[in-house]
>>> print(open('final05.cif').read())   # mmCIF, C-alpha atoms
data_protein
loop_
_atom_site.label_atom_id
_atom_site.label_comp_id
_atom_site.auth_asym_id
_atom_site.auth_seq_id
_atom_site.Cartn_x
_atom_site.Cartn_y
_atom_site.Cartn_z
CA SER A 920 -7.44 -30.86 -2.71
CA GLN A 921 -5.26 -28.40 -0.85
CA LYS A 922 -6.18 -27.80 2.75
CA ILE A 923 -4.91 -25.36 5.36
CA GLU A 924 -5.43 -25.98 9.05
CA GLN A 925 -5.15 -23.43 11.78
CA ASN A 926 -6.28 -24.08 15.32
CA SER A 927 -9.83 -22.77 15.45
CA GLU A 928 -9.76 -22.61 19.24
CA ALA A 929 -8.62 -19.34 20.76
CA LEU A 930 -5.14 -19.21 22.23
CA ASN A 931 -5.04 -17.52 25.63
CA ILE A 932 -1.69 -16.47 27.04
CA GLN A 933 -0.32 -14.17 29.69
CA GLU A 934 1.30 -10.86 28.81
CA GLY A 935 5.05 -11.19 28.36
CA LYS A 936 4.93 -14.83 27.23
CA THR A 937 5.64 -16.07 23.72
CA ALA A 938 2.61 -16.91 21.60
CA THR A 939 3.05 -19.68 19.04
CA LEU A 940 0.46 -20.20 16.32
CA THR A 941 0.44 -23.11 13.90
CA CYS A 942 -0.44 -23.36 10.22
CA ASN A 943 -0.49 -26.85 8.69
CA TYR A 944 -1.17 -27.65 5.07
CA THR A 945 -1.67 -30.77 3.00
CA ASN A 946 -0.64 -31.93 -0.42
CA TYR A 947 0.98 -29.37 -2.68
CA SER A 948 3.89 -27.40 -1.18
CA PRO A 949 3.52 -23.66 -1.56
CA ALA A 950 6.23 -21.41 -2.88
CA TYR A 951 5.18 -18.59 -0.56
CA LEU A 952 3.49 -18.39 2.79
CA GLN A 953 2.13 -15.20 4.33
CA TRP A 954 0.81 -14.25 7.75
CA TYR A 955 -1.84 -11.59 8.39
CA ARG A 956 -3.41 -10.01 11.43
CA GLN A 957 -7.13 -9.26 11.50
CA ASP A 958 -8.95 -7.17 14.09
CA PRO A 959 -12.74 -7.45 14.48
CA GLY A 960 -14.60 -5.73 11.67
CA ARG A 961 -11.40 -4.78 9.85
CA GLY A 962 -9.53 -6.08 6.83
CA PRO A 963 -6.50 -8.34 7.31
CA VAL A 964 -3.15 -6.58 7.61
CA PHE A 965 0.01 -8.14 6.16
CA LEU A 966 2.71 -9.11 8.65
CA LEU A 967 5.32 -11.40 7.10
CA LEU A 968 6.05 -13.37 3.93
CA ILE A 969 8.38 -16.37 3.83
CA ARG A 970 9.57 -18.27 0.79
CA GLU A 971 9.93 -22.04 0.51
CA ASN A 972 13.72 -21.80 0.53
CA GLU A 973 13.74 -19.72 3.72
CA LYS A 974 13.61 -21.53 7.04
CA GLU A 975 12.92 -18.51 9.20
CA LYS A 976 12.00 -14.83 8.96
CA ARG A 977 11.95 -12.20 11.68
CA LYS A 978 10.43 -8.77 12.09
CA GLU A 979 10.71 -7.05 15.46
CA ARG A 980 8.90 -9.34 17.96
CA LEU A 981 7.57 -11.60 15.21
CA LYS A 982 9.17 -14.77 13.88
CA VAL A 983 7.91 -17.16 11.23
CA THR A 984 9.31 -20.57 10.40
CA PHE A 985 8.52 -22.66 7.33
CA ASP A 986 9.14 -26.41 7.38
CA THR A 987 8.31 -27.89 3.97
CA THR A 988 9.02 -31.42 5.24
CA LEU A 989 6.48 -31.16 8.04
CA LYS A 990 4.22 -28.98 5.84
CA GLN A 991 3.97 -26.52 8.66
CA SER A 992 4.58 -22.89 9.51
CA LEU A 993 4.91 -21.56 13.04
CA PHE A 994 4.23 -17.94 13.91
CA HIS A 995 5.75 -16.62 17.13
CA ILE A 996 5.12 -13.37 18.98
CA THR A 997 7.67 -12.83 21.72
CA ALA A 998 7.04 -10.63 24.77
CA SER A 999 3.35 -10.59 23.89
CA GLN A 1000 1.19 -7.61 24.80
CA PRO A 1001 -2.59 -7.19 25.14
CA ALA A 1002 -2.44 -5.11 21.93
CA ASP A 1003 -1.36 -8.28 20.10
CA SER A 1004 -4.83 -9.76 20.71
CA ALA A 1005 -6.35 -10.40 17.29
CA THR A 1006 -7.00 -13.18 14.80
CA TYR A 1007 -3.98 -14.34 12.84
CA LEU A 1008 -4.37 -15.82 9.37
CA CYS A 1009 -1.91 -17.78 7.30
CA ALA A 1010 -2.17 -17.72 3.52
CA LEU A 1011 -0.48 -19.96 1.01
CA ASP A 1012 0.24 -19.92 -2.67
CA PHE A 1013 -0.62 -23.34 -4.02
CA GLY A 1014 0.71 -22.58 -7.47
CA ASN A 1015 -2.66 -21.91 -9.08
CA ALA A 1016 -2.79 -19.60 -12.04
CA GLY A 1017 -3.08 -15.92 -11.30
CA ASN A 1018 -3.36 -14.31 -7.93
CA MET A 1019 -4.52 -17.27 -5.89
CA LEU A 1020 -3.69 -17.05 -2.23
CA THR A 1021 -5.60 -19.56 -0.12
CA PHE A 1022 -6.32 -18.50 3.47
CA GLY A 1023 -6.61 -20.58 6.59
CA GLY A 1024 -9.51 -20.02 8.96
CA GLY A 1025 -7.36 -18.11 11.43
CA THR A 1026 -6.53 -18.47 15.11
CA ARG A 1027 -7.73 -15.96 17.67
CA LEU A 1028 -5.06 -14.87 20.13
CA MET A 1029 -5.99 -13.35 23.48
CA VAL A 1030 -3.18 -11.83 25.54
CA LYS A 1031 -4.19 -11.17 29.12
CA PRO A 1032 -2.50 -8.49 31.25
CA GLU B 877 -1.90 7.56 2.39
CA ALA B 878 -1.72 4.23 0.55
CA GLN B 879 -5.06 2.51 0.86
CA VAL B 880 -7.81 0.38 -0.56
CA THR B 881 -11.22 2.01 -0.23
CA GLN B 882 -14.47 0.09 -0.33
CA ASN B 883 -17.98 1.47 -0.31
CA PRO B 884 -20.36 1.09 1.27
CA ARG B 885 -19.24 -0.29 4.66
CA TYR B 886 -22.70 -1.65 5.40
CA LEU B 887 -25.47 -2.60 3.01
CA ILE B 888 -28.86 -4.18 3.59
CA THR B 889 -30.84 -5.14 0.52
CA VAL B 890 -33.57 -7.47 -0.65
CA THR B 891 -33.35 -10.56 -2.80
CA GLY B 892 -33.01 -9.80 -6.49
CA LYS B 893 -32.15 -6.11 -6.26
CA LYS B 894 -28.94 -5.48 -8.19
CA LEU B 895 -26.11 -3.88 -6.25
CA THR B 896 -22.53 -2.79 -6.75
CA VAL B 897 -19.77 -2.59 -4.16
CA THR B 898 -17.02 -0.24 -5.24
CA CYS B 899 -13.31 -0.71 -4.63
CA SER B 900 -10.51 1.72 -5.39
CA GLN B 901 -6.77 1.61 -4.70
CA ASN B 902 -4.23 4.43 -4.92
CA MET B 903 -1.05 2.35 -5.01
CA ASN B 904 -0.93 1.71 -8.77
CA HIS B 905 -1.14 -2.04 -8.10
CA GLU B 906 -1.55 -4.42 -11.03
CA TYR B 907 -3.49 -7.06 -9.12
CA MET B 908 -6.86 -6.67 -7.42
CA SER B 909 -9.16 -9.28 -5.94
CA TRP B 910 -12.39 -9.79 -4.03
CA TYR B 911 -12.89 -12.09 -1.05
CA ARG B 912 -15.81 -13.05 1.09
CA GLN B 913 -15.41 -14.05 4.72
CA ASP B 914 -17.89 -16.32 6.49
CA PRO B 915 -17.73 -17.88 9.97
CA GLY B 916 -16.13 -21.30 9.81
CA LEU B 917 -15.20 -20.90 6.14
CA GLY B 918 -12.53 -18.23 6.34
CA LEU B 919 -11.60 -15.95 3.47
CA ARG B 920 -12.49 -17.24 0.03
CA GLN B 921 -11.55 -15.58 -3.23
CA ILE B 922 -14.41 -14.59 -5.53
CA TYR B 923 -12.66 -12.97 -8.50
CA TYR B 924 -9.29 -11.50 -9.26
CA SER B 925 -7.76 -9.26 -11.89
CA MET B 926 -4.16 -9.21 -13.04
CA ASN B 927 -4.53 -6.02 -15.07
CA VAL B 928 -6.98 -3.75 -16.83
CA GLU B 929 -9.55 -5.77 -18.77
CA VAL B 930 -8.12 -9.04 -17.38
CA THR B 931 -10.30 -10.83 -14.83
CA ASP B 932 -10.66 -14.43 -13.75
CA LYS B 933 -12.70 -16.56 -11.39
CA GLY B 934 -11.56 -17.44 -7.91
CA ASP B 935 -12.93 -20.20 -5.70
CA VAL B 936 -16.52 -18.94 -5.32
CA PRO B 937 -17.48 -16.82 -8.37
CA GLU B 938 -21.12 -17.94 -8.76
CA GLY B 939 -23.58 -15.05 -8.49
CA TYR B 940 -20.94 -12.34 -8.87
CA LYS B 941 -19.52 -10.21 -11.65
CA VAL B 942 -16.55 -7.87 -11.75
CA SER B 943 -15.03 -5.41 -14.17
CA ARG B 944 -11.62 -3.75 -14.48
CA LYS B 945 -11.93 -0.82 -16.83
CA GLU B 946 -9.37 1.27 -14.97
CA LYS B 947 -6.33 0.18 -13.04
CA ARG B 948 -7.46 1.72 -9.75
CA ASN B 949 -11.07 0.45 -9.67
CA PHE B 950 -12.47 -3.05 -9.32
CA PRO B 951 -16.21 -3.05 -8.57
CA LEU B 952 -18.07 -6.17 -7.43
CA ILE B 953 -21.52 -6.59 -8.95
CA LEU B 954 -24.33 -8.76 -7.64
CA GLU B 955 -26.91 -8.87 -10.43
CA SER B 956 -29.54 -10.72 -8.40
CA PRO B 957 -28.46 -11.05 -4.77
CA SER B 958 -29.68 -13.97 -2.71
CA PRO B 959 -29.61 -14.55 1.07
CA ASN B 960 -26.65 -16.94 0.75
CA GLN B 961 -24.58 -13.96 -0.39
CA THR B 962 -24.96 -12.36 3.02
CA SER B 963 -21.35 -12.03 4.07
CA LEU B 964 -18.42 -9.76 4.84
CA TYR B 965 -16.66 -8.75 1.63
CA PHE B 966 -13.10 -7.55 1.23
CA CYS B 967 -11.35 -6.01 -1.72
CA ALA B 968 -7.57 -6.36 -1.90
CA SER B 969 -4.74 -5.24 -4.14
CA ASN B 970 -1.10 -6.16 -4.54
CA VAL B 971 1.84 -5.40 -6.76
CA GLN B 972 1.96 -8.80 -8.41
CA GLY B 973 1.12 -12.42 -7.64
CA PRO B 974 1.17 -14.44 -4.42
CA ASN B 975 4.75 -13.38 -3.69
CA SER B 976 3.65 -9.89 -2.73
CA PRO B 977 1.57 -8.76 0.26
CA LEU B 978 -2.14 -8.11 -0.12
CA HIS B 979 -3.51 -4.73 0.94
CA PHE B 980 -7.10 -5.09 2.10
CA GLY B 981 -9.94 -2.63 2.33
CA ASN B 982 -11.96 -2.33 5.52
CA GLY B 983 -14.75 -4.53 4.29
CA THR B 984 -18.39 -4.32 3.28
CA ARG B 985 -20.92 -6.11 5.42
CA LEU B 986 -23.77 -7.17 3.13
CA THR B 987 -27.12 -8.49 4.33
CA VAL B 988 -29.59 -9.85 1.79
CA THR B 989 -33.11 -10.46 3.12
#
>>> encode(input="final05.cif", output="structure tokens")
Amino acid sequence: SQKIEQNSEALNIQEGKTATLTCNYTNYSPAYLQWYRQDPGRGPVFLLLIRENEKEKRKERLKVTFDTTLKQSLFHITASQPADSATYLCALDFGNAGNMLTFGGGTRLMVKP
Amino acid sequence: EAQVTQNPRYLITVTGKKLTVTCSQNMNHEYMSWYRQDPGLGLRQIYYSMNVEVTDKGDVPEGYKVSRKEKRNFPLILESPSPNQTSLYFCASNVQGPNSPLHFGNGTRLTVT
């Protein structure tokens, strides 16, 4: 069965550094991969979508890479700020019928001033 | 403002007492879906709908019902809630399938005693 792995341990970094979060998946290769941010008690908020034929996507301080050979996506936040502290979720389309996005468990990022 | 609105935000009920969580979106989206989020299990899809009168099961549909009589509304119905349905529930909508971003509501925290 399809499986998505995100580091369940919190990532602690210093303000100004680059945060790198990992999303690994097994078996079927998704056509689309999305990243979301979730703050405590709130719904996830969409950040970026990358397609299987795209190696990299950028939006302001955010960058996502998608390596279908390694079955891995990396999510980078450059010049991180305390306001970037949140849980980050990756979500993949495994080609199931209908609107089936499968979410990873998320990685909590803590940016310290 | 484009948004997905869920009600109520918090709900405490007893086993077996039927309840409905409402969800409404004002973005004219075709797709709507319900997720539950539990510690260690991440976000799991309960049901989704690709259009009015079209609904289908997600990963964890047991114990839940949905309906899509109007494009903007997608209520989640628990006919006979049980304690294992205690969870944080999110409604989401998007323009089309997994190649479009999900817009989430702010969640409903349900406790079944």
>>> atom_distance(input="final05.cif", atom1="CA of Pro949 (chain A)", atom2="CA of Leu989 (chain A)")
12.5 Å
>>> closest_atom_pairs(input="final05.cif", of="chain A", to="chain B", cutoff="9 Å", atoms="all atoms listed in the file", output="CSV")
residue,atom,partner,partner_atom,distance
A:Ser927,CA,B:Gly916,CA,8.6
A:Ala950,CA,B:Asn975,CA,8.2
A:Tyr951,CA,B:Asn975,CA,6.1
A:Leu952,CA,B:Asn975,CA,8.3
A:Gln953,CA,B:Pro977,CA,7.6
A:Gly960,CA,B:Gly983,CA,7.5
A:Arg961,CA,B:Asn982,CA,5.0
A:Gly962,CA,B:Asn982,CA,4.7
A:Pro963,CA,B:Phe980,CA,6.2
A:Val964,CA,B:His979,CA,6.9
A:Phe965,CA,B:Pro977,CA,6.1
A:Leu966,CA,B:Pro977,CA,8.5
A:Leu967,CA,B:Pro977,CA,8.2
A:Leu968,CA,B:Pro977,CA,7.4
A:Ile969,CA,B:Asn975,CA,8.9
A:Arg970,CA,B:Asn975,CA,8.2
A:Leu1011,CA,B:Pro974,CA,7.9
A:Asp1012,CA,B:Pro974,CA,5.8
A:Gly1014,CA,B:Pro974,CA,8.7
A:Gly1017,CA,B:Gly973,CA,6.6
A:Asn1018,CA,B:Gly973,CA,4.9
A:Met1019,CA,B:Pro974,CA,6.5
A:Leu1020,CA,B:Pro974,CA,5.9
A:Thr1021,CA,B:Arg920,CA,7.3
A:Phe1022,CA,B:Leu919,CA,5.9
A:Gly1023,CA,B:Gly918,CA,6.4
A:Gly1024,CA,B:Gly918,CA,4.4
A:Gly1025,CA,B:Gly918,CA,7.3
>>> atom_distance(input="final05.cif", atom1="CA of Gln882 (chain B)", atom2="CA of Pro1001 (chain A)")
29.0 Å
>>> residues_around(input="final05.cif", residues="region 953-958 of chain B", least_positions_apart="4", cutoff="7 Å", atoms="all atoms listed in the file", output="mmCIF file with C-alpha atoms, in the coordinates of the input")
data_model
loop_
_atom_site.group_PDB
_atom_site.id
_atom_site.type_symbol
_atom_site.label_atom_id
_atom_site.label_comp_id
_atom_site.auth_asym_id
_atom_site.auth_seq_id
_atom_site.Cartn_x
_atom_site.Cartn_y
_atom_site.Cartn_z
ATOM 1 C CA THR B 891 -33.350 -10.560 -2.800
ATOM 2 C CA GLY B 892 -33.010 -9.800 -6.490
ATOM 3 C CA LYS B 893 -32.150 -6.110 -6.260
ATOM 4 C CA LYS B 894 -28.940 -5.480 -8.190
ATOM 5 C CA LEU B 895 -26.110 -3.880 -6.250
ATOM 6 C CA THR B 896 -22.530 -2.790 -6.750
ATOM 7 C CA VAL B 897 -19.770 -2.590 -4.160
ATOM 8 C CA GLY B 939 -23.580 -15.050 -8.490
ATOM 9 C CA TYR B 940 -20.940 -12.340 -8.870
ATOM 10 C CA LYS B 941 -19.520 -10.210 -11.650
ATOM 11 C CA VAL B 942 -16.550 -7.870 -11.750
ATOM 12 C CA VAL B 988 -29.590 -9.850 1.790
#
>>> residues_around(input="final05.cif", residues="Ala929 (chain A)", least_positions_apart="5", cutoff="9 Å", atoms="all atoms listed in the file", output="list in words")
Thr1006, Thr1026, Arg1027, Leu1028 and Met1029 of chain A
>>> write_last_selection(input="final05.cif", atoms="C-alpha atoms", output="JSON list (two decimals), in the frame of the given file")
[["chain", "number", "residue", "atom", "x", "y", "z"],
["A", 1006, "THR", "CA", -7.00, -13.18, 14.80],
["A", 1026, "THR", "CA", -6.53, -18.47, 15.11],
["A", 1027, "ARG", "CA", -7.73, -15.96, 17.67],
["A", 1028, "LEU", "CA", -5.06, -14.87, 20.13],
["A", 1029, "MET", "CA", -5.99, -13.35, 23.48]]
>>> resolve_selection(input="final05.cif", expression="the PyMOL selection byres ((chain A and resi 990) around 10)", output="list in words")
Ile923, Cys942, Asn943, Tyr944, Thr945, Asn946, Tyr947, Ser948, Pro949, Phe985, Asp986, Thr987, Thr988, Leu989, Gln991 and Ser992 of chain A
>>> build_atoms(input="final05.cif", residues="region 953-970 of chain B", atoms="N, CA and C atoms", output="PDB file, in the coordinates of the input")
ATOM      1  N   ILE B 953     -20.116  -6.741  -8.566  1.00  0.00           N
ATOM      2  CA  ILE B 953     -21.520  -6.590  -8.950  1.00  0.00           C
ATOM      3  C   ILE B 953     -22.291  -7.849  -8.599  1.00  0.00           C
ATOM      4  N   LEU B 954     -23.404  -7.661  -7.895  1.00  0.00           N
ATOM      5  CA  LEU B 954     -24.330  -8.760  -7.640  1.00  0.00           C
ATOM      6  C   LEU B 954     -25.589  -8.456  -8.425  1.00  0.00           C
ATOM      7  N   GLU B 955     -25.796  -9.165  -9.524  1.00  0.00           N
ATOM      8  CA  GLU B 955     -26.910  -8.870 -10.430  1.00  0.00           C
ATOM      9  C   GLU B 955     -28.245  -9.193  -9.779  1.00  0.00           C
ATOM     10  N   SER B 956     -28.300 -10.298  -9.043  1.00  0.00           N
ATOM     11  CA  SER B 956     -29.540 -10.720  -8.400  1.00  0.00           C
ATOM     12  C   SER B 956     -29.180 -11.358  -7.054  1.00  0.00           C
ATOM     13  N   PRO B 957     -28.944 -10.520  -6.056  1.00  0.00           N
ATOM     14  CA  PRO B 957     -28.460 -11.050  -4.770  1.00  0.00           C
ATOM     15  C   PRO B 957     -29.434 -12.033  -4.133  1.00  0.00           C
ATOM     16  N   SER B 958     -28.872 -12.998  -3.447  1.00  0.00           N
ATOM     17  CA  SER B 958     -29.680 -13.970  -2.710  1.00  0.00           C
ATOM     18  C   SER B 958     -29.184 -14.027  -1.264  1.00  0.00           C
ATOM     19  N   PRO B 959     -30.010 -14.520  -0.351  1.00  0.00           N
ATOM     20  CA  PRO B 959     -29.610 -14.550   1.070  1.00  0.00           C
ATOM     21  C   PRO B 959     -28.281 -15.255   1.332  1.00  0.00           C
ATOM     22  N   ASN B 960     -27.919 -16.245   0.507  1.00  0.00           N
ATOM     23  CA  ASN B 960     -26.650 -16.940   0.750  1.00  0.00           C
ATOM     24  C   ASN B 960     -25.427 -16.086   0.372  1.00  0.00           C
ATOM     25  N   GLN B 961     -25.675 -14.895  -0.124  1.00  0.00           N
ATOM     26  CA  GLN B 961     -24.580 -13.960  -0.390  1.00  0.00           C
ATOM     27  C   GLN B 961     -24.407 -12.963   0.754  1.00  0.00           C
ATOM     28  N   THR B 962     -25.183 -13.139   1.800  1.00  0.00           N
ATOM     29  CA  THR B 962     -24.960 -12.360   3.020  1.00  0.00           C
ATOM     30  C   THR B 962     -23.604 -12.737   3.573  1.00  0.00           C
ATOM     31  N   SER B 963     -22.733 -11.735   3.706  1.00  0.00           N
ATOM     32  CA  SER B 963     -21.350 -12.030   4.070  1.00  0.00           C
ATOM     33  C   SER B 963     -20.599 -10.736   4.317  1.00  0.00           C
ATOM     34  N   LEU B 964     -19.342 -10.880   4.720  1.00  0.00           N
ATOM     35  CA  LEU B 964     -18.420  -9.760   4.840  1.00  0.00           C
ATOM     36  C   LEU B 964     -17.470  -9.822   3.648  1.00  0.00           C
ATOM     37  N   TYR B 965     -17.438  -8.768   2.872  1.00  0.00           N
ATOM     38  CA  TYR B 965     -16.660  -8.750   1.630  1.00  0.00           C
ATOM     39  C   TYR B 965     -15.450  -7.844   1.761  1.00  0.00           C
ATOM     40  N   PHE B 966     -14.333  -8.328   1.228  1.00  0.00           N
ATOM     41  CA  PHE B 966     -13.100  -7.550   1.230  1.00  0.00           C
ATOM     42  C   PHE B 966     -12.531  -7.451  -0.169  1.00  0.00           C
ATOM     43  N   CYS B 967     -12.112  -6.251  -0.502  1.00  0.00           N
ATOM     44  CA  CYS B 967     -11.350  -6.010  -1.720  1.00  0.00           C
ATOM     45  C   CYS B 967      -9.875  -5.939  -1.319  1.00  0.00           C
ATOM     46  N   ALA B 968      -9.000  -6.391  -2.206  1.00  0.00           N
ATOM     47  CA  ALA B 968      -7.570  -6.360  -1.900  1.00  0.00           C
ATOM     48  C   ALA B 968      -6.794  -6.037  -3.174  1.00  0.00           C
ATOM     49  N   SER B 969      -5.610  -5.475  -2.985  1.00  0.00           N
ATOM     50  CA  SER B 969      -4.740  -5.240  -4.140  1.00  0.00           C
ATOM     51  C   SER B 969      -3.316  -5.611  -3.768  1.00  0.00           C
ATOM     52  N   ASN B 970      -2.525  -5.960  -4.764  1.00  0.00           N
ATOM     53  CA  ASN B 970      -1.100  -6.160  -4.540  1.00  0.00           C
ATOM     54  C   ASN B 970      -0.328  -5.911  -5.823  1.00  0.00           C
TER      55      ASN B 970
END
